[in-house]
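Enquirer: Sharing target-v5.cif below, mmCIF, N, CA and C atoms:
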data_run
#
loop_
_atom_site.label_atom_id
_atom_site.label_comp_id
_atom_site.auth_asym_id
_atom_site.auth_seq_id
_atom_site.Cartn_x
_atom_site.Cartn_y
_atom_site.Cartn_z
N MET R 19 97.29 -66.87 -31.76
CA MET R 19 96.08 -66.19 -31.38
C MET R 19 95.87 -66.35 -29.88
N SER R 20 95.61 -65.26 -29.18
CA SER R 20 95.42 -65.34 -27.74
C SER R 20 94.00 -65.80 -27.43
N GLN R 21 93.84 -66.30 -26.22
CA GLN R 21 92.53 -66.78 -25.78
C GLN R 21 91.60 -65.60 -25.53
N PRO R 22 90.30 -65.77 -25.82
CA PRO R 22 89.36 -64.69 -25.51
C PRO R 22 89.25 -64.51 -23.99
N PRO R 23 88.99 -63.29 -23.55
CA PRO R 23 88.86 -63.07 -22.11
C PRO R 23 87.67 -63.82 -21.54
N ARG R 24 87.87 -64.34 -20.34
CA ARG R 24 86.81 -65.02 -19.59
C ARG R 24 86.19 -63.97 -18.68
N VAL R 25 84.91 -63.71 -18.84
CA VAL R 25 84.28 -62.58 -18.17
C VAL R 25 83.01 -62.97 -17.41
N VAL R 26 82.83 -62.33 -16.28
CA VAL R 26 81.58 -62.41 -15.54
C VAL R 26 80.78 -61.18 -15.93
N LEU R 27 79.59 -61.42 -16.48
CA LEU R 27 78.68 -60.34 -16.87
C LEU R 27 77.52 -60.34 -15.89
N ASP R 28 77.23 -59.18 -15.29
CA ASP R 28 76.10 -59.18 -14.36
C ASP R 28 74.79 -59.36 -15.12
N THR R 29 73.76 -59.76 -14.40
CA THR R 29 72.48 -60.11 -15.01
C THR R 29 71.89 -58.97 -15.83
N ASN R 30 72.00 -57.75 -15.34
CA ASN R 30 71.42 -56.62 -16.09
C ASN R 30 72.06 -56.46 -17.46
N LEU R 31 73.37 -56.69 -17.55
CA LEU R 31 74.04 -56.57 -18.84
C LEU R 31 73.62 -57.69 -19.78
N VAL R 32 73.53 -58.89 -19.26
CA VAL R 32 73.11 -60.02 -20.09
C VAL R 32 71.68 -59.78 -20.60
N LEU R 33 70.81 -59.33 -19.69
CA LEU R 33 69.44 -59.03 -20.09
C LEU R 33 69.39 -57.98 -21.19
N SER R 34 70.13 -56.90 -21.01
CA SER R 34 70.15 -55.84 -22.02
C SER R 34 70.62 -56.37 -23.36
N ALA R 35 71.67 -57.19 -23.34
CA ALA R 35 72.21 -57.74 -24.59
C ALA R 35 71.21 -58.68 -25.26
N LEU R 36 70.45 -59.43 -24.47
CA LEU R 36 69.52 -60.40 -25.01
C LEU R 36 68.18 -59.79 -25.42
N VAL R 37 67.60 -59.00 -24.54
CA VAL R 37 66.24 -58.51 -24.73
C VAL R 37 66.17 -57.34 -25.71
N PHE R 38 67.21 -56.50 -25.69
CA PHE R 38 67.20 -55.32 -26.55
C PHE R 38 68.23 -55.52 -27.66
N ALA R 39 67.82 -56.30 -28.64
CA ALA R 39 68.73 -56.73 -29.71
C ALA R 39 69.36 -55.57 -30.48
N GLN R 40 68.72 -54.42 -30.49
CA GLN R 40 69.28 -53.26 -31.18
C GLN R 40 69.85 -52.24 -30.19
N GLY R 41 69.94 -52.61 -28.92
CA GLY R 41 70.41 -51.69 -27.89
C GLY R 41 71.92 -51.53 -27.88
N ARG R 42 72.38 -50.67 -26.98
CA ARG R 42 73.80 -50.34 -26.91
C ARG R 42 74.67 -51.53 -26.48
N LEU R 43 74.06 -52.53 -25.83
CA LEU R 43 74.84 -53.68 -25.37
C LEU R 43 74.70 -54.91 -26.28
N ALA R 44 74.04 -54.74 -27.40
CA ALA R 44 73.93 -55.84 -28.36
C ALA R 44 75.30 -56.32 -28.79
N VAL R 45 76.28 -55.44 -28.75
CA VAL R 45 77.64 -55.80 -29.12
C VAL R 45 78.22 -56.87 -28.17
N LEU R 46 77.75 -56.92 -26.93
CA LEU R 46 78.18 -58.00 -26.03
C LEU R 46 77.70 -59.34 -26.54
N ARG R 47 76.45 -59.38 -27.00
CA ARG R 47 75.88 -60.61 -27.55
C ARG R 47 76.71 -61.07 -28.76
N GLN R 48 77.04 -60.13 -29.62
CA GLN R 48 77.90 -60.48 -30.77
C GLN R 48 79.24 -61.02 -30.30
N ALA R 49 79.79 -60.42 -29.26
CA ALA R 49 81.12 -60.83 -28.77
C ALA R 49 81.10 -62.28 -28.29
N TRP R 50 80.05 -62.68 -27.55
CA TRP R 50 80.06 -64.08 -27.12
C TRP R 50 79.71 -65.01 -28.26
N GLN R 51 78.86 -64.58 -29.19
CA GLN R 51 78.52 -65.44 -30.32
C GLN R 51 79.70 -65.62 -31.27
N GLU R 52 80.57 -64.64 -31.33
CA GLU R 52 81.76 -64.71 -32.18
C GLU R 52 82.96 -65.27 -31.41
N ALA R 53 82.73 -65.73 -30.19
CA ALA R 53 83.77 -66.31 -29.33
C ALA R 53 84.91 -65.33 -29.07
N ARG R 54 84.58 -64.03 -29.04
CA ARG R 54 85.58 -63.03 -28.67
C ARG R 54 85.65 -62.84 -27.16
N ILE R 55 84.63 -63.35 -26.45
CA ILE R 55 84.63 -63.42 -25.00
C ILE R 55 84.03 -64.75 -24.59
N VAL R 56 84.37 -65.20 -23.39
CA VAL R 56 83.76 -66.39 -22.82
C VAL R 56 83.04 -65.96 -21.54
N PRO R 57 81.71 -65.88 -21.60
CA PRO R 57 80.98 -65.53 -20.38
C PRO R 57 81.06 -66.68 -19.38
N LEU R 58 81.18 -66.33 -18.12
CA LEU R 58 81.24 -67.31 -17.05
C LEU R 58 79.94 -67.28 -16.26
N VAL R 59 79.44 -68.45 -15.90
CA VAL R 59 78.22 -68.54 -15.11
C VAL R 59 78.40 -69.57 -14.01
N SER R 60 77.60 -69.41 -12.98
CA SER R 60 77.51 -70.41 -11.92
C SER R 60 76.04 -70.81 -11.80
N LYS R 61 75.75 -71.79 -10.96
CA LYS R 61 74.35 -72.18 -10.73
C LYS R 61 73.53 -70.97 -10.27
N VAL R 62 74.09 -70.21 -9.35
CA VAL R 62 73.35 -69.09 -8.76
C VAL R 62 73.12 -67.97 -9.78
N THR R 63 74.15 -67.63 -10.57
CA THR R 63 73.97 -66.53 -11.54
C THR R 63 73.04 -66.96 -12.67
N THR R 64 73.08 -68.23 -13.04
CA THR R 64 72.16 -68.72 -14.07
C THR R 64 70.73 -68.73 -13.55
N ALA R 65 70.54 -69.16 -12.30
CA ALA R 65 69.20 -69.17 -11.71
C ALA R 65 68.64 -67.75 -11.64
N GLU R 66 69.48 -66.77 -11.33
CA GLU R 66 69.01 -65.39 -11.29
C GLU R 66 68.56 -64.92 -12.67
N LEU R 67 69.34 -65.25 -13.70
CA LEU R 67 68.97 -64.86 -15.06
C LEU R 67 67.63 -65.48 -15.44
N ILE R 68 67.46 -66.75 -15.16
CA ILE R 68 66.21 -67.43 -15.47
C ILE R 68 65.04 -66.77 -14.73
N ARG R 69 65.25 -66.43 -13.46
CA ARG R 69 64.20 -65.78 -12.66
C ARG R 69 63.84 -64.41 -13.23
N VAL R 70 64.84 -63.63 -13.59
CA VAL R 70 64.59 -62.27 -14.06
C VAL R 70 63.90 -62.27 -15.43
N LEU R 71 64.19 -63.27 -16.25
CA LEU R 71 63.52 -63.35 -17.55
C LEU R 71 62.01 -63.53 -17.43
N THR R 72 61.54 -63.97 -16.26
CA THR R 72 60.10 -64.17 -16.06
C THR R 72 59.40 -62.89 -15.59
N TYR R 73 60.12 -61.82 -15.33
CA TYR R 73 59.49 -60.59 -14.87
C TYR R 73 58.45 -60.13 -15.88
N PRO R 74 57.26 -59.79 -15.40
CA PRO R 74 56.19 -59.35 -16.31
C PRO R 74 56.57 -58.16 -17.20
N LYS R 75 57.43 -57.27 -16.72
CA LYS R 75 57.76 -56.08 -17.52
C LYS R 75 58.43 -56.42 -18.84
N PHE R 76 59.05 -57.60 -18.93
CA PHE R 76 59.70 -57.99 -20.20
C PHE R 76 58.73 -58.64 -21.17
N LYS R 77 57.57 -59.09 -20.68
CA LYS R 77 56.54 -59.68 -21.53
C LYS R 77 57.08 -60.81 -22.40
N LEU R 78 57.84 -61.71 -21.76
CA LEU R 78 58.44 -62.83 -22.48
C LEU R 78 57.71 -64.12 -22.09
N ASP R 79 57.13 -64.79 -23.09
CA ASP R 79 56.51 -66.07 -22.78
C ASP R 79 57.61 -67.13 -22.61
N ALA R 80 57.21 -68.31 -22.18
CA ALA R 80 58.18 -69.36 -21.89
C ALA R 80 59.05 -69.71 -23.11
N ASP R 81 58.45 -69.72 -24.30
CA ASP R 81 59.22 -70.02 -25.51
C ASP R 81 60.29 -68.96 -25.76
N LYS R 82 59.92 -67.69 -25.62
CA LYS R 82 60.88 -66.61 -25.85
C LYS R 82 61.99 -66.63 -24.79
N GLN R 83 61.62 -66.92 -23.54
CA GLN R 83 62.63 -67.04 -22.49
C GLN R 83 63.63 -68.14 -22.85
N GLY R 84 63.10 -69.26 -23.32
CA GLY R 84 63.97 -70.37 -23.72
C GLY R 84 64.88 -70.00 -24.88
N GLU R 85 64.33 -69.26 -25.85
CA GLU R 85 65.15 -68.80 -26.99
C GLU R 85 66.30 -67.91 -26.52
N LEU R 86 66.00 -67.00 -25.60
CA LEU R 86 67.04 -66.09 -25.11
C LEU R 86 68.10 -66.85 -24.33
N LEU R 87 67.68 -67.78 -23.51
CA LEU R 87 68.67 -68.59 -22.78
C LEU R 87 69.52 -69.41 -23.74
N ALA R 88 68.90 -69.90 -24.82
CA ALA R 88 69.64 -70.67 -25.82
C ALA R 88 70.60 -69.80 -26.62
N ASP R 89 70.38 -68.49 -26.59
CA ASP R 89 71.29 -67.55 -27.24
C ASP R 89 72.44 -67.13 -26.34
N TYR R 90 72.43 -67.62 -25.12
CA TYR R 90 73.47 -67.22 -24.16
C TYR R 90 74.19 -68.43 -23.54
N LEU R 91 73.44 -69.31 -22.92
CA LEU R 91 74.07 -70.36 -22.12
C LEU R 91 75.02 -71.28 -22.89
N PRO R 92 74.73 -71.63 -24.14
CA PRO R 92 75.69 -72.50 -24.86
C PRO R 92 77.08 -71.86 -25.03
N TRP R 93 77.15 -70.55 -24.97
CA TRP R 93 78.42 -69.86 -25.15
C TRP R 93 79.19 -69.72 -23.84
N CYS R 94 78.53 -70.07 -22.74
CA CYS R 94 79.09 -69.83 -21.41
C CYS R 94 79.92 -71.01 -20.91
N GLU R 95 80.85 -70.69 -20.04
CA GLU R 95 81.59 -71.70 -19.28
C GLU R 95 80.99 -71.73 -17.89
N THR R 96 80.53 -72.90 -17.47
CA THR R 96 79.94 -73.04 -16.14
C THR R 96 81.05 -73.33 -15.14
N VAL R 97 81.04 -72.57 -14.05
CA VAL R 97 82.06 -72.68 -13.01
C VAL R 97 81.39 -73.15 -11.73
N ARG R 98 81.97 -74.16 -11.14
CA ARG R 98 81.47 -74.65 -9.85
C ARG R 98 82.13 -73.84 -8.75
N ILE R 99 81.32 -73.28 -7.88
CA ILE R 99 81.85 -72.53 -6.75
C ILE R 99 82.21 -73.55 -5.66
N PRO R 100 83.47 -73.55 -5.21
CA PRO R 100 83.87 -74.55 -4.22
C PRO R 100 83.22 -74.30 -2.86
N SER R 101 83.24 -75.33 -2.06
CA SER R 101 82.75 -75.21 -0.69
C SER R 101 83.90 -75.60 0.23
N PRO R 102 84.34 -74.72 1.09
CA PRO R 102 83.84 -73.36 1.29
C PRO R 102 84.22 -72.46 0.11
N PRO R 103 83.42 -71.41 -0.10
CA PRO R 103 83.71 -70.51 -1.22
C PRO R 103 84.96 -69.67 -0.97
N PRO R 104 85.55 -69.14 -2.04
CA PRO R 104 86.74 -68.30 -1.88
C PRO R 104 86.40 -67.01 -1.12
N ALA R 105 87.40 -66.45 -0.51
CA ALA R 105 87.21 -65.18 0.20
C ALA R 105 86.99 -64.06 -0.82
N THR R 106 86.01 -63.23 -0.55
CA THR R 106 85.73 -62.06 -1.38
C THR R 106 85.39 -60.90 -0.46
N PRO R 107 85.55 -59.67 -0.95
CA PRO R 107 85.07 -58.55 -0.16
C PRO R 107 83.55 -58.63 -0.03
N VAL R 108 83.02 -58.06 1.01
CA VAL R 108 81.58 -58.06 1.22
C VAL R 108 80.97 -56.94 0.39
N CYS R 109 79.98 -57.29 -0.39
CA CYS R 109 79.29 -56.31 -1.22
C CYS R 109 78.09 -55.76 -0.48
N ARG R 110 77.81 -54.49 -0.65
CA ARG R 110 76.65 -53.86 0.01
C ARG R 110 75.35 -54.55 -0.37
N ASP R 111 75.26 -55.01 -1.61
CA ASP R 111 74.06 -55.69 -2.09
C ASP R 111 74.32 -57.20 -2.09
N VAL R 112 73.64 -57.91 -1.21
CA VAL R 112 73.85 -59.35 -1.07
C VAL R 112 73.61 -60.10 -2.38
N TYR R 113 72.76 -59.55 -3.25
CA TYR R 113 72.46 -60.21 -4.53
C TYR R 113 73.61 -60.09 -5.53
N ASP R 114 74.56 -59.22 -5.26
CA ASP R 114 75.73 -59.08 -6.12
C ASP R 114 76.88 -60.00 -5.70
N GLN R 115 76.81 -60.53 -4.49
CA GLN R 115 77.89 -61.38 -3.97
C GLN R 115 78.19 -62.57 -4.89
N PRO R 116 77.18 -63.24 -5.47
CA PRO R 116 77.49 -64.39 -6.35
C PRO R 116 78.38 -64.02 -7.54
N PHE R 117 78.30 -62.79 -8.01
CA PHE R 117 79.14 -62.38 -9.14
C PHE R 117 80.60 -62.23 -8.70
N LEU R 118 80.79 -61.72 -7.48
CA LEU R 118 82.15 -61.64 -6.93
C LEU R 118 82.72 -63.04 -6.71
N LEU R 119 81.91 -63.91 -6.12
CA LEU R 119 82.36 -65.30 -5.90
C LEU R 119 82.74 -65.97 -7.21
N LEU R 120 81.91 -65.78 -8.22
CA LEU R 120 82.17 -66.37 -9.53
C LEU R 120 83.47 -65.83 -10.12
N ALA R 121 83.66 -64.53 -10.06
CA ALA R 121 84.87 -63.92 -10.62
C ALA R 121 86.12 -64.45 -9.94
N VAL R 122 86.07 -64.57 -8.62
CA VAL R 122 87.24 -65.05 -7.87
C VAL R 122 87.45 -66.55 -8.11
N ALA R 123 86.39 -67.34 -7.98
CA ALA R 123 86.52 -68.80 -8.14
C ALA R 123 86.99 -69.18 -9.54
N ALA R 124 86.54 -68.44 -10.54
CA ALA R 124 86.88 -68.75 -11.93
C ALA R 124 88.18 -68.11 -12.38
N GLN R 125 88.75 -67.26 -11.53
CA GLN R 125 89.92 -66.46 -11.92
C GLN R 125 89.62 -65.74 -13.24
N ALA R 126 88.48 -65.05 -13.23
CA ALA R 126 88.01 -64.33 -14.41
C ALA R 126 88.99 -63.24 -14.81
N ASP R 127 88.95 -62.89 -16.08
CA ASP R 127 89.77 -61.77 -16.56
C ASP R 127 89.11 -60.43 -16.26
N TYR R 128 87.77 -60.41 -16.24
CA TYR R 128 87.01 -59.19 -15.96
C TYR R 128 85.70 -59.55 -15.28
N LEU R 129 85.24 -58.67 -14.41
CA LEU R 129 83.86 -58.67 -13.93
C LEU R 129 83.26 -57.40 -14.52
N VAL R 130 82.24 -57.55 -15.33
CA VAL R 130 81.66 -56.42 -16.05
C VAL R 130 80.27 -56.14 -15.48
N SER R 131 80.08 -54.89 -15.05
CA SER R 131 78.84 -54.54 -14.38
C SER R 131 78.55 -53.05 -14.52
N GLY R 132 77.29 -52.72 -14.40
CA GLY R 132 76.90 -51.32 -14.31
C GLY R 132 76.49 -50.98 -12.89
N ASP R 133 76.60 -51.94 -12.00
CA ASP R 133 76.15 -51.81 -10.62
C ASP R 133 77.21 -51.14 -9.76
N LEU R 134 76.86 -50.00 -9.17
CA LEU R 134 77.83 -49.27 -8.34
C LEU R 134 78.30 -50.08 -7.14
N ASP R 135 77.45 -50.96 -6.61
CA ASP R 135 77.87 -51.78 -5.47
C ASP R 135 79.04 -52.68 -5.85
N LEU R 136 79.06 -53.16 -7.08
CA LEU R 136 80.19 -53.96 -7.56
C LEU R 136 81.35 -53.07 -8.01
N LEU R 137 81.05 -52.04 -8.76
CA LEU R 137 82.10 -51.16 -9.28
C LEU R 137 82.92 -50.54 -8.15
N ASP R 138 82.27 -50.26 -7.01
CA ASP R 138 82.98 -49.69 -5.87
C ASP R 138 84.01 -50.64 -5.27
N LEU R 139 83.93 -51.92 -5.61
CA LEU R 139 84.88 -52.91 -5.09
C LEU R 139 86.07 -53.13 -6.03
N SER R 140 86.14 -52.33 -7.08
CA SER R 140 87.25 -52.46 -8.03
C SER R 140 88.58 -52.33 -7.28
N GLY R 141 89.50 -53.21 -7.62
CA GLY R 141 90.80 -53.22 -6.97
C GLY R 141 90.86 -54.11 -5.74
N GLN R 142 89.71 -54.66 -5.33
CA GLN R 142 89.69 -55.51 -4.13
C GLN R 142 89.67 -57.00 -4.46
N ILE R 143 89.59 -57.33 -5.74
CA ILE R 143 89.75 -58.72 -6.18
C ILE R 143 90.77 -58.71 -7.32
N ALA R 144 91.22 -59.89 -7.69
CA ALA R 144 92.32 -59.99 -8.66
C ALA R 144 91.95 -59.46 -10.04
N CYS R 145 90.71 -59.62 -10.46
CA CYS R 145 90.35 -59.15 -11.80
C CYS R 145 89.73 -57.76 -11.73
N PRO R 146 89.88 -56.98 -12.78
CA PRO R 146 89.25 -55.66 -12.81
C PRO R 146 87.73 -55.77 -12.82
N ILE R 147 87.09 -54.85 -12.11
CA ILE R 147 85.63 -54.71 -12.15
C ILE R 147 85.37 -53.44 -12.95
N VAL R 148 84.76 -53.59 -14.12
CA VAL R 148 84.65 -52.47 -15.06
C VAL R 148 83.23 -52.34 -15.59
N THR R 149 82.93 -51.16 -16.10
CA THR R 149 81.65 -50.95 -16.78
C THR R 149 81.68 -51.63 -18.14
N ALA R 150 80.51 -51.83 -18.71
CA ALA R 150 80.42 -52.41 -20.05
C ALA R 150 81.15 -51.54 -21.05
N GLU R 151 80.99 -50.23 -20.93
CA GLU R 151 81.64 -49.31 -21.88
C GLU R 151 83.16 -49.46 -21.83
N ASN R 152 83.71 -49.50 -20.63
CA ASN R 152 85.17 -49.65 -20.51
C ASN R 152 85.64 -51.03 -20.98
N PHE R 153 84.85 -52.05 -20.69
CA PHE R 153 85.21 -53.39 -21.16
C PHE R 153 85.21 -53.44 -22.68
N LEU R 154 84.19 -52.87 -23.30
CA LEU R 154 84.11 -52.90 -24.77
C LEU R 154 85.24 -52.12 -25.40
N LYS R 155 85.66 -51.01 -24.79
CA LYS R 155 86.82 -50.28 -25.30
C LYS R 155 88.07 -51.16 -25.25
N THR R 156 88.24 -51.87 -24.15
CA THR R 156 89.39 -52.77 -24.01
C THR R 156 89.32 -53.89 -25.03
N LEU R 157 88.13 -54.46 -25.20
CA LEU R 157 87.94 -55.58 -26.12
C LEU R 157 88.23 -55.15 -27.55
N ASN R 158 87.87 -53.94 -27.90
CA ASN R 158 88.02 -53.47 -29.27
C ASN R 158 89.39 -52.84 -29.57
N SER R 159 90.22 -52.72 -28.53
CA SER R 159 91.54 -52.10 -28.77
C SER R 159 92.59 -53.12 -29.15
#
Can you turn what I pasted into structure tokens?
Expert:
Amino acid sequence: MSQPPRVVLDTNLVLSALVFAQGRLAVLRQAWQEARIVPLVSKVTTAELIRVLTYPKFKLDADKQGELLADYLPWCETVRIPSPPPATPVCRDVYDQPFLLLAVAAQADYLVSGDLDLLDLSGQIACPIVTAENFLKTLNS
């Protein structure tokens, strides 16, 4: 049996998978819960997820935020970003740079994002940068 792919999932995808349990990305949540993928996180990407879960538009109290984090973080592999960090292409959106750093430092199999600023960098790092739809097609093939 081959190892499950180690993947960097951007915050928006993780949020969609967690908050919208019946949404189109719920299958990502199933994939990490069934150990068909190993999500990768760093201190910075985890802090961003925690911060975004507090946004008023999601209407999540502290208990629900904790439940959602408990549905994700135990399945993740935490990666320490070295100092100095690895070389990465510069992303137009500075808030996306931590995902590139994580993918390179962890030697991820995929960086999965719906963000055009990241998708436009496809081919500039060792792992493919793909949409959730394309990643799921690959995972299911």
Enquirer: Go through R:Leu139, R:Ala65, R:Leu86, R:Val56 and flag the residue nearest Pro22 in chain R, using only N, CA and C atoms for the distances.
Expert: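 So, comparing all the options, the nearest one is R:Val56.
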Enquirer: What is the CA of Cys94 in chain R-atom C of Val37 in chain R distance in Å, reported with one decimal?
Expert: 18.5 Å
Enquirer: List as a PyMOL selection string the protein and nucleic acid residues near Ile143 in chain R, meaning an atom at most 8 Å away when only N, CA and C atoms are counted, but skip any in the same chain fewer than 3 places from it.
Expert: chain R and resi 106-107+121-122+139-140+146-147
Enquirer: Which value, in Å to one decimal, gives the distance between CA of Ser20 in chain R and CA of Ile55 in chain R?
Expert: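 That distance, rounded to one decimal, is 11.3 Å.
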Enquirer: Quick one: residues within 9 Å of Arg47 in chain R, only C-alpha atoms, excluding same-chain residues fewer than 6 positions away - as an mmCIF file with N, CA and C atoms, in the frame of the given file?
Expert:
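Final output, saved to result_17.cif:
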data_model
loop_
_atom_site.group_PDB
_atom_site.id
_atom_site.type_symbol
_atom_site.label_atom_id
_atom_site.label_comp_id
_atom_site.auth_asym_id
_atom_site.auth_seq_id
_atom_site.Cartn_x
_atom_site.Cartn_y
_atom_site.Cartn_z
ATOM 1 N N VAL R 32 73.530 -58.890 -19.260
ATOM 2 C CA VAL R 32 73.110 -60.020 -20.090
ATOM 3 C C VAL R 32 71.680 -59.780 -20.600
ATOM 4 N N ALA R 35 71.670 -57.190 -23.340
ATOM 5 C CA ALA R 35 72.210 -57.740 -24.590
ATOM 6 C C ALA R 35 71.210 -58.680 -25.260
ATOM 7 N N LEU R 36 70.450 -59.430 -24.470
ATOM 8 C CA LEU R 36 69.520 -60.400 -25.010
ATOM 9 C C LEU R 36 68.180 -59.790 -25.420
ATOM 10 N N ALA R 39 67.820 -56.300 -28.640
ATOM 11 C CA ALA R 39 68.730 -56.730 -29.710
ATOM 12 C C ALA R 39 69.360 -55.570 -30.480
ATOM 13 N N ASP R 89 70.380 -68.490 -26.590
ATOM 14 C CA ASP R 89 71.290 -67.550 -27.240
ATOM 15 C C ASP R 89 72.440 -67.130 -26.340
ATOM 16 N N TYR R 90 72.430 -67.620 -25.120
ATOM 17 C CA TYR R 90 73.470 -67.220 -24.160
ATOM 18 C C TYR R 90 74.190 -68.430 -23.540
#
Enquirer: Specify the axis-aligned box that encloses all atoms of range 87-102 of chain R listed in the file after padding of 6 Å on each side, stating its centre and edge lengths in Å to one decimal as AutoDock Vina command-line options.
Expert:
--center_x 76.0 --center_y -71.4 --center_z -13.0 --size_x 28.7 --size_y 20.5 --size_z 40.5
Enquirer: Using all atoms listed in the file, can you tell me which of R:Thr64, R:Val148, R:Val70, R:Val97 comes closest to Leu33 in chain R?
Expert: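 Closest candidate: R:Val70.
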Enquirer: With all atoms listed in the file as the basis for distance, which of R:Leu46, R:Pro102, R:Val25, R:Leu87 is at the shortest distance from Gln125 in chain R?
Expert: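 Checking each of R:Leu46, R:Pro102, R:Val25, R:Leu87 against Gln125 in chain R, counting all atoms listed in the file, the winner is R:Val25.
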Enquirer: Apply DSSP to the structure's backbone, then extract all residues of chain R labelled helix (DSSP H, G or I) and return them as number ranges by chain.
Expert: R: 29-37, 44-51, 61-71, 74-76, 80-88, 91-93, 112-124, 134-137, 150-158
